[in-house]
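Data block below; observations after.
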Amino acid sequence: MKTLTVAAIQAQLTDDVQTNILHLSDLVRQAHQQGAQVIVLPELFEGHYFCKEEREIHFQRARPLKNHPTIAHFEALARELEVVIPVSFFEKAGTVYYNSVAMIDAGGVNLGVYRKSHIPDGPGYEEKFYFRPGNTGFRVWRTRYGKIGVGICWDQWFPEAARVMTLMGAEVLVYPTAIGSEPHDPTLDTKDPWQRVMVGHAVANVIPVVAANRVGDEGGQVFYGSSFIANPRGDLVAEADRTQEAVLVHKFDLEEIERLRAAYGFFRDRRPGLYKALLTADGVC
């Protein structure tokens, strides 16, 4: 039996990098003590979510991948604990900037970077000011414990991304996230749709899904937590609340999931030749 134990870390973050790194490291250790092998942290966890406004000063938060101190820290932690840690960071690549994740394998080796493909632009989430759309394509990494596909926040709303990563062999999909209140409409609560769309990915691809969000009030923008782990049936086998920090852990039998995926027949019955409209912007082939 091949099993995989995953964890989602839900945390309240300060705007001090070292404080956040040390705090999240403690939470990673807690997840490891509960048996977690793959531990997912929130998106852009080094500080407050700065994309709620367009300010040039925030570009100073970005760092190149090479010799990145936060990535080096989690490489050392992954080596010590023998766990896999996808590390979200604001990447400076020459003259351009990306919202990226470095996949740190157990043993501390950086397997490479995924750059966020879908970049949102709206009140409170003005990411197009800061990030270019990713140029890596979707990625799946063969880690020590299993094959992991990573999407970053806004990516989680797109079923195409989840399907592609599953087709590429992913055994679990993980989503570092920063989502909460909508400054332009205080009555709008996206928590339930946010969870439901990813639960749909789990069901349609017969694959576990892990989403890690932040909590807390960051200058009037309130992040609603609700991090979760969903099984391939769409059941929430672990879920955090809207306000408290949490370490969610769950074990999956990957061989059982592989058999279940084959039995459902979703991938057997796909008709790629009929999907040409998906390669267009407006459905006109």
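FYI, nothing fancy with the structure tokens labels: chains A, B, ... in order, residues from 1 per chain, ligands from 1 as they appear.
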*From the DSSP assignment of the backbone, select every residue of stretch 151-263 of chain A that is helix (DSSP H, G or I), and format the answer as JSON, numbers by chain.*
{"A": [153, 154, 155, 156, 157, 159, 160, 161, 162, 163, 164, 165, 166, 167, 191, 192, 193, 194, 195, 196, 197, 198, 199, 200, 201, 202, 203, 204, 205, 254, 255, 256, 257, 258, 259, 260, 261, 262, 263]}
*May I have the residues within 10 Å of stretch 98-104 of chain A as JSON, numbers by chain, using only C-alpha atoms and disregarding those fewer than 3 positions away in the same chain?*
{"A": [38, 43, 44, 62, 64, 65, 71, 72, 74, 75, 76, 77, 78, 79, 83, 84, 85, 86, 87, 88, 89, 90, 91, 92, 93, 107, 108, 109, 110, 111, 112, 113, 114, 115, 116, 117, 118, 119, 127, 128, 130, 131, 132, 133, 134, 135, 136, 140, 141, 143, 148, 149, 150, 151, 152, 176]}
Please save C-alpha atoms of the selected residues as a JSON list (two decimals), in the first residue's frame.
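Writing done, so here's result-v1.json:
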[["chain", "number", "residue", "atom", "x", "y", "z"],
["A", 38, "VAL", "CA", 3.80, 17.09, 2.30],
["A", 43, "GLU", "CA", 0.42, 32.07, -0.50],
["A", 44, "LEU", "CA", 3.00, 34.88, -0.17],
["A", 62, "ALA", "CA", 10.65, 40.53, -4.34],
["A", 64, "PRO", "CA", 15.52, 36.26, -7.05],
["A", 65, "LEU", "CA", 15.23, 32.51, -6.70],
["A", 71, "ILE", "CA", 13.78, 29.26, 0.40],
["A", 72, "ALA", "CA", 17.16, 28.36, 1.92],
["A", 74, "PHE", "CA", 12.82, 25.86, 4.27],
["A", 75, "GLU", "CA", 15.31, 23.75, 2.33],
["A", 76, "ALA", "CA", 17.14, 23.24, 5.62],
["A", 77, "LEU", "CA", 13.89, 22.49, 7.45],
["A", 78, "ALA", "CA", 12.78, 20.02, 4.78],
["A", 79, "ARG", "CA", 16.17, 18.32, 5.03],
["A", 83, "VAL", "CA", 9.24, 16.52, 4.45],
["A", 84, "VAL", "CA", 8.14, 18.17, 1.22],
["A", 85, "ILE", "CA", 7.37, 21.90, 1.44],
["A", 86, "PRO", "CA", 6.05, 23.99, -1.48],
["A", 87, "VAL", "CA", 7.37, 27.51, -0.71],
["A", 88, "SER", "CA", 5.42, 30.50, -2.05],
["A", 89, "PHE", "CA", 7.45, 33.64, -2.78],
["A", 90, "PHE", "CA", 7.49, 36.93, -4.71],
["A", 91, "GLU", "CA", 10.07, 36.23, -7.41],
["A", 92, "LYS", "CA", 12.23, 38.80, -9.18],
["A", 93, "ALA", "CA", 13.52, 37.38, -12.46],
["A", 107, "GLY", "CA", 16.08, 16.09, 1.76],
["A", 108, "GLY", "CA", 16.04, 19.82, 1.05],
["A", 109, "VAL", "CA", 16.48, 19.74, -2.74],
["A", 110, "ASN", "CA", 14.72, 22.44, -4.74],
["A", 111, "LEU", "CA", 13.02, 20.56, -7.61],
["A", 112, "GLY", "CA", 12.11, 23.72, -9.48],
["A", 113, "VAL", "CA", 9.64, 26.59, -9.68],
["A", 114, "TYR", "CA", 6.04, 26.99, -10.78],
["A", 115, "ARG", "CA", 4.96, 30.54, -11.70],
["A", 116, "LYS", "CA", 1.30, 31.41, -11.20],
["A", 117, "SER", "CA", -0.56, 31.12, -14.51],
["A", 118, "HIS", "CA", -3.78, 33.03, -13.83],
["A", 119, "ILE", "CA", -3.31, 36.54, -12.42],
["A", 127, "GLU", "CA", -2.03, 41.31, -8.79],
["A", 128, "LYS", "CA", -1.61, 42.29, -12.43],
["A", 130, "TYR", "CA", 2.89, 43.16, -9.67],
["A", 131, "PHE", "CA", 3.08, 39.84, -11.53],
["A", 132, "ARG", "CA", 3.50, 38.67, -15.09],
["A", 133, "PRO", "CA", 1.49, 35.56, -16.01],
["A", 134, "GLY", "CA", 3.67, 32.53, -15.37],
["A", 135, "ASN", "CA", 5.81, 31.11, -18.18],
["A", 136, "THR", "CA", 6.47, 27.66, -16.70],
["A", 140, "VAL", "CA", 3.92, 18.19, -11.53],
["A", 141, "TRP", "CA", 6.86, 17.13, -9.39],
["A", 143, "THR", "CA", 8.80, 14.04, -4.87],
["A", 148, "ILE", "CA", 2.43, 16.76, -6.62],
["A", 149, "GLY", "CA", 0.71, 19.36, -8.78],
["A", 150, "VAL", "CA", 0.66, 22.97, -7.57],
["A", 151, "GLY", "CA", -1.70, 25.82, -8.41],
["A", 152, "ILE", "CA", -1.53, 29.21, -6.73],
["A", 176, "PRO", "CA", -1.30, 27.94, -1.51]]
*Residues within 9 Å of A:Glu245, only C-alpha atoms, excluding chain neighbours under 5 positions, as a list in words*: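 The filter keeps Ile9, Gln10, Ala11, Gln12, Arg214, Val215, Gly225 and Ala240 of chain A.
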Can you write just those residues out, all heavy atoms, as a compact mmCIF listing (two decimals), in the first residue's frame?
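Once written, selection19.txt looks like this:
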# COMPACT_ATOMS: atom_id res chain seq x y z
N ILE A 9 -1.43 24.22 6.31
CA ILE A 9 -1.15 25.13 7.42
C ILE A 9 -1.96 26.41 7.22
O ILE A 9 -1.83 27.10 6.20
CB ILE A 9 0.34 25.48 7.48
CG1 ILE A 9 1.20 24.23 7.61
CG2 ILE A 9 0.61 26.48 8.61
CD1 ILE A 9 0.98 23.45 8.88
N GLN A 10 -2.81 26.72 8.17
CA GLN A 10 -3.56 27.98 8.17
C GLN A 10 -2.97 28.88 9.24
O GLN A 10 -2.89 28.48 10.41
CB GLN A 10 -5.04 27.71 8.45
CG GLN A 10 -5.90 28.97 8.49
CD GLN A 10 -7.37 28.67 8.39
OE1 GLN A 10 -7.84 28.16 7.37
NE2 GLN A 10 -8.13 28.96 9.44
N ALA A 11 -2.56 30.09 8.85
CA ALA A 11 -1.81 30.93 9.78
C ALA A 11 -2.23 32.39 9.68
O ALA A 11 -2.66 32.87 8.63
CB ALA A 11 -0.31 30.82 9.51
N GLN A 12 -2.07 33.08 10.81
CA GLN A 12 -2.20 34.54 10.83
C GLN A 12 -0.79 35.12 10.70
O GLN A 12 0.12 34.72 11.43
CB GLN A 12 -2.85 35.02 12.13
CG GLN A 12 -3.09 36.52 12.17
CD GLN A 12 -4.05 36.92 13.28
OE1 GLN A 12 -4.59 36.08 13.97
NE2 GLN A 12 -4.26 38.21 13.42
N ARG A 214 -4.72 31.97 4.65
CA ARG A 214 -4.35 32.72 5.85
C ARG A 214 -5.61 33.19 6.56
O ARG A 214 -6.71 33.16 5.99
CB ARG A 214 -3.45 33.90 5.50
CG ARG A 214 -4.07 34.92 4.58
CD ARG A 214 -3.14 36.12 4.36
NE ARG A 214 -2.03 35.81 3.48
CZ ARG A 214 -0.91 36.55 3.40
NH1 ARG A 214 -0.78 37.65 4.13
NH2 ARG A 214 0.06 36.23 2.58
N VAL A 215 -5.46 33.67 7.80
CA VAL A 215 -6.56 34.27 8.56
C VAL A 215 -6.10 35.61 9.11
O VAL A 215 -4.91 35.91 9.16
CB VAL A 215 -7.03 33.37 9.73
CG1 VAL A 215 -7.75 32.15 9.24
CG2 VAL A 215 -5.86 32.99 10.64
N GLY A 225 -9.71 32.20 6.10
CA GLY A 225 -9.25 30.86 6.47
C GLY A 225 -10.00 29.79 5.71
O GLY A 225 -9.96 29.73 4.49
N ALA A 240 -10.53 23.81 8.49
CA ALA A 240 -10.30 24.82 9.53
C ALA A 240 -11.46 25.80 9.56
O ALA A 240 -12.27 25.87 8.61
CB ALA A 240 -9.00 25.55 9.27
_To test your reading of the structure, identify every residue in stretch 160-229 of chain A that backbone DSSP assigns to strand (DSSP E), and report it as a VMD selection string._
chain A and resid 172 to 176 209 to 212 214 to 218 221 to 224 228 to 229
Output file for the residues above (N, CA and C atoms, as a PDB file, in the first residue's frame):
ATOM      1  N   VAL A 172      -1.824  14.341  -6.083  1.00  0.00           N
ATOM      2  CA  VAL A 172      -2.497  15.273  -5.179  1.00  0.00           C
ATOM      3  C   VAL A 172      -2.312  16.669  -5.759  1.00  0.00           C
ATOM      4  N   LEU A 173      -3.328  17.527  -5.592  1.00  0.00           N
ATOM      5  CA  LEU A 173      -3.250  18.918  -6.013  1.00  0.00           C
ATOM      6  C   LEU A 173      -3.204  19.806  -4.781  1.00  0.00           C
ATOM      7  N   VAL A 174      -2.256  20.734  -4.743  1.00  0.00           N
ATOM      8  CA  VAL A 174      -2.128  21.623  -3.591  1.00  0.00           C
ATOM      9  C   VAL A 174      -2.205  23.068  -4.060  1.00  0.00           C
ATOM     10  N   TYR A 175      -2.851  23.901  -3.230  1.00  0.00           N
ATOM     11  CA  TYR A 175      -3.111  25.285  -3.589  1.00  0.00           C
ATOM     12  C   TYR A 175      -2.759  26.233  -2.440  1.00  0.00           C
ATOM     13  N   PRO A 176      -1.572  26.834  -2.428  1.00  0.00           N
ATOM     14  CA  PRO A 176      -1.303  27.940  -1.506  1.00  0.00           C
ATOM     15  C   PRO A 176      -2.233  29.111  -1.857  1.00  0.00           C
ATOM     16  N   VAL A 209      -7.341  17.113  -2.854  1.00  0.00           N
ATOM     17  CA  VAL A 209      -7.050  18.536  -3.006  1.00  0.00           C
ATOM     18  C   VAL A 209      -6.754  19.126  -1.637  1.00  0.00           C
ATOM     19  N   VAL A 210      -5.685  19.930  -1.565  1.00  0.00           N
ATOM     20  CA  VAL A 210      -5.264  20.575  -0.316  1.00  0.00           C
ATOM     21  C   VAL A 210      -5.185  22.072  -0.561  1.00  0.00           C
ATOM     22  N   ALA A 211      -5.904  22.872   0.236  1.00  0.00           N
ATOM     23  CA  ALA A 211      -5.880  24.329   0.106  1.00  0.00           C
ATOM     24  C   ALA A 211      -5.499  24.948   1.445  1.00  0.00           C
ATOM     25  N   ALA A 212      -4.482  25.820   1.432  1.00  0.00           N
ATOM     26  CA  ALA A 212      -3.993  26.467   2.655  1.00  0.00           C
ATOM     27  C   ALA A 212      -4.160  27.975   2.528  1.00  0.00           C
ATOM     28  N   ARG A 214      -4.721  31.972   4.648  1.00  0.00           N
ATOM     29  CA  ARG A 214      -4.351  32.722   5.845  1.00  0.00           C
ATOM     30  C   ARG A 214      -5.614  33.193   6.563  1.00  0.00           C
ATOM     31  N   VAL A 215      -5.463  33.673   7.804  1.00  0.00           N
ATOM     32  CA  VAL A 215      -6.563  34.270   8.564  1.00  0.00           C
ATOM     33  C   VAL A 215      -6.101  35.612   9.113  1.00  0.00           C
ATOM     34  N   GLY A 216      -7.079  36.395   9.547  1.00  0.00           N
ATOM     35  CA  GLY A 216      -6.756  37.639  10.230  1.00  0.00           C
ATOM     36  C   GLY A 216      -7.096  38.876   9.417  1.00  0.00           C
ATOM     37  N   ASP A 217      -7.108  40.004  10.137  1.00  0.00           N
ATOM     38  CA  ASP A 217      -7.406  41.317   9.565  1.00  0.00           C
ATOM     39  C   ASP A 217      -6.086  41.997   9.230  1.00  0.00           C
ATOM     40  N   GLU A 218      -5.870  42.238   7.936  1.00  0.00           N
ATOM     41  CA  GLU A 218      -4.663  42.919   7.490  1.00  0.00           C
ATOM     42  C   GLU A 218      -5.050  44.278   6.912  1.00  0.00           C
ATOM     43  N   GLN A 221      -8.628  44.215   5.337  1.00  0.00           N
ATOM     44  CA  GLN A 221      -8.896  43.064   4.487  1.00  0.00           C
ATOM     45  C   GLN A 221      -8.817  41.820   5.368  1.00  0.00           C
ATOM     46  N   VAL A 222      -9.948  41.137   5.518  1.00  0.00           N
ATOM     47  CA  VAL A 222     -10.052  40.025   6.464  1.00  0.00           C
ATOM     48  C   VAL A 222     -10.014  38.713   5.689  1.00  0.00           C
ATOM     49  N   PHE A 223      -9.026  37.901   5.982  1.00  0.00           N
ATOM     50  CA  PHE A 223      -8.873  36.619   5.299  1.00  0.00           C
ATOM     51  C   PHE A 223      -9.652  35.552   6.058  1.00  0.00           C
ATOM     52  N   TYR A 224     -10.417  34.754   5.298  1.00  0.00           N
ATOM     53  CA  TYR A 224     -11.421  33.902   5.939  1.00  0.00           C
ATOM     54  C   TYR A 224     -10.989  32.466   6.180  1.00  0.00           C
ATOM     55  N   PHE A 228      -8.694  23.546   3.843  1.00  0.00           N
ATOM     56  CA  PHE A 228      -9.317  22.226   3.887  1.00  0.00           C
ATOM     57  C   PHE A 228      -8.494  21.203   3.129  1.00  0.00           C
ATOM     58  N   ILE A 229      -8.819  19.960   3.383  1.00  0.00           N
ATOM     59  CA  ILE A 229      -8.331  18.828   2.610  1.00  0.00           C
ATOM     60  C   ILE A 229      -9.560  18.065   2.152  1.00  0.00           C
TER      61      ILE A 229
END
*Nearest candidate to A:Lys147 (options A:Met168, A:Glu239, A:Phe129, A:Arg196; using only C-alpha atoms)*: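 Closest candidate: A:Met168.
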*asked:* Please determine, counting only C-alpha atoms, which residue among A:Glu46, A:Thr243, A:Ile207, A:Leu22 has the shortest atom-to-atom distance to A:Tyr264.
replied: A:Ile207
*asked:* Taking only C-alpha atoms into account, name the residue in A:Ala263, A:Val96, A:Leu41, A:Ala36 that is nearest to A:Leu13.
replied: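 When distances to A:Leu13 are compared using only C-alpha atoms, the smallest one comes from A:Leu41.
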*asked:* Counting only C-alpha atoms, which residue out of A:Phe266, A:Phe45, A:Pro123, A:Leu278 sits closest to A:Asp185?
replied: A:Pro123
*When distances are computed from only C-alpha atoms, which of A:Gly137, A:Thr3, A:His32, A:Asn67 shows the smallest separation from A:Val249?*
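Looking only at the distances to A:Val249, the closest residue turns out to be A:His32.
Minimum atom-to-atom distances from A:Arg61, A:His68, A:Arg144, A:Arg242 to A:Asp16 were compared using only C-alpha atoms, and the lowest value belongs to A:Arg61.
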*One decimal, Å: what's the distance from atom CA of A:Arg142 over to atom CA of A:Thr5, could you say?*
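Going from atom CA of A:Arg142 over to atom CA of A:Thr5 covers 15.2 Å.
For the pair atom CA of A:Phe158 and atom CA of A:Asp121, the separation is 15.3 Å.
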*Residue contacts of stretch 49-59 of chain A (6 Å, only C-alpha atoms) excluding same-chain residues fewer than 4 positions away, as a list in words*: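 What passes the distance filter is Gly124, Tyr125, Glu126 and Glu127 of chain A.
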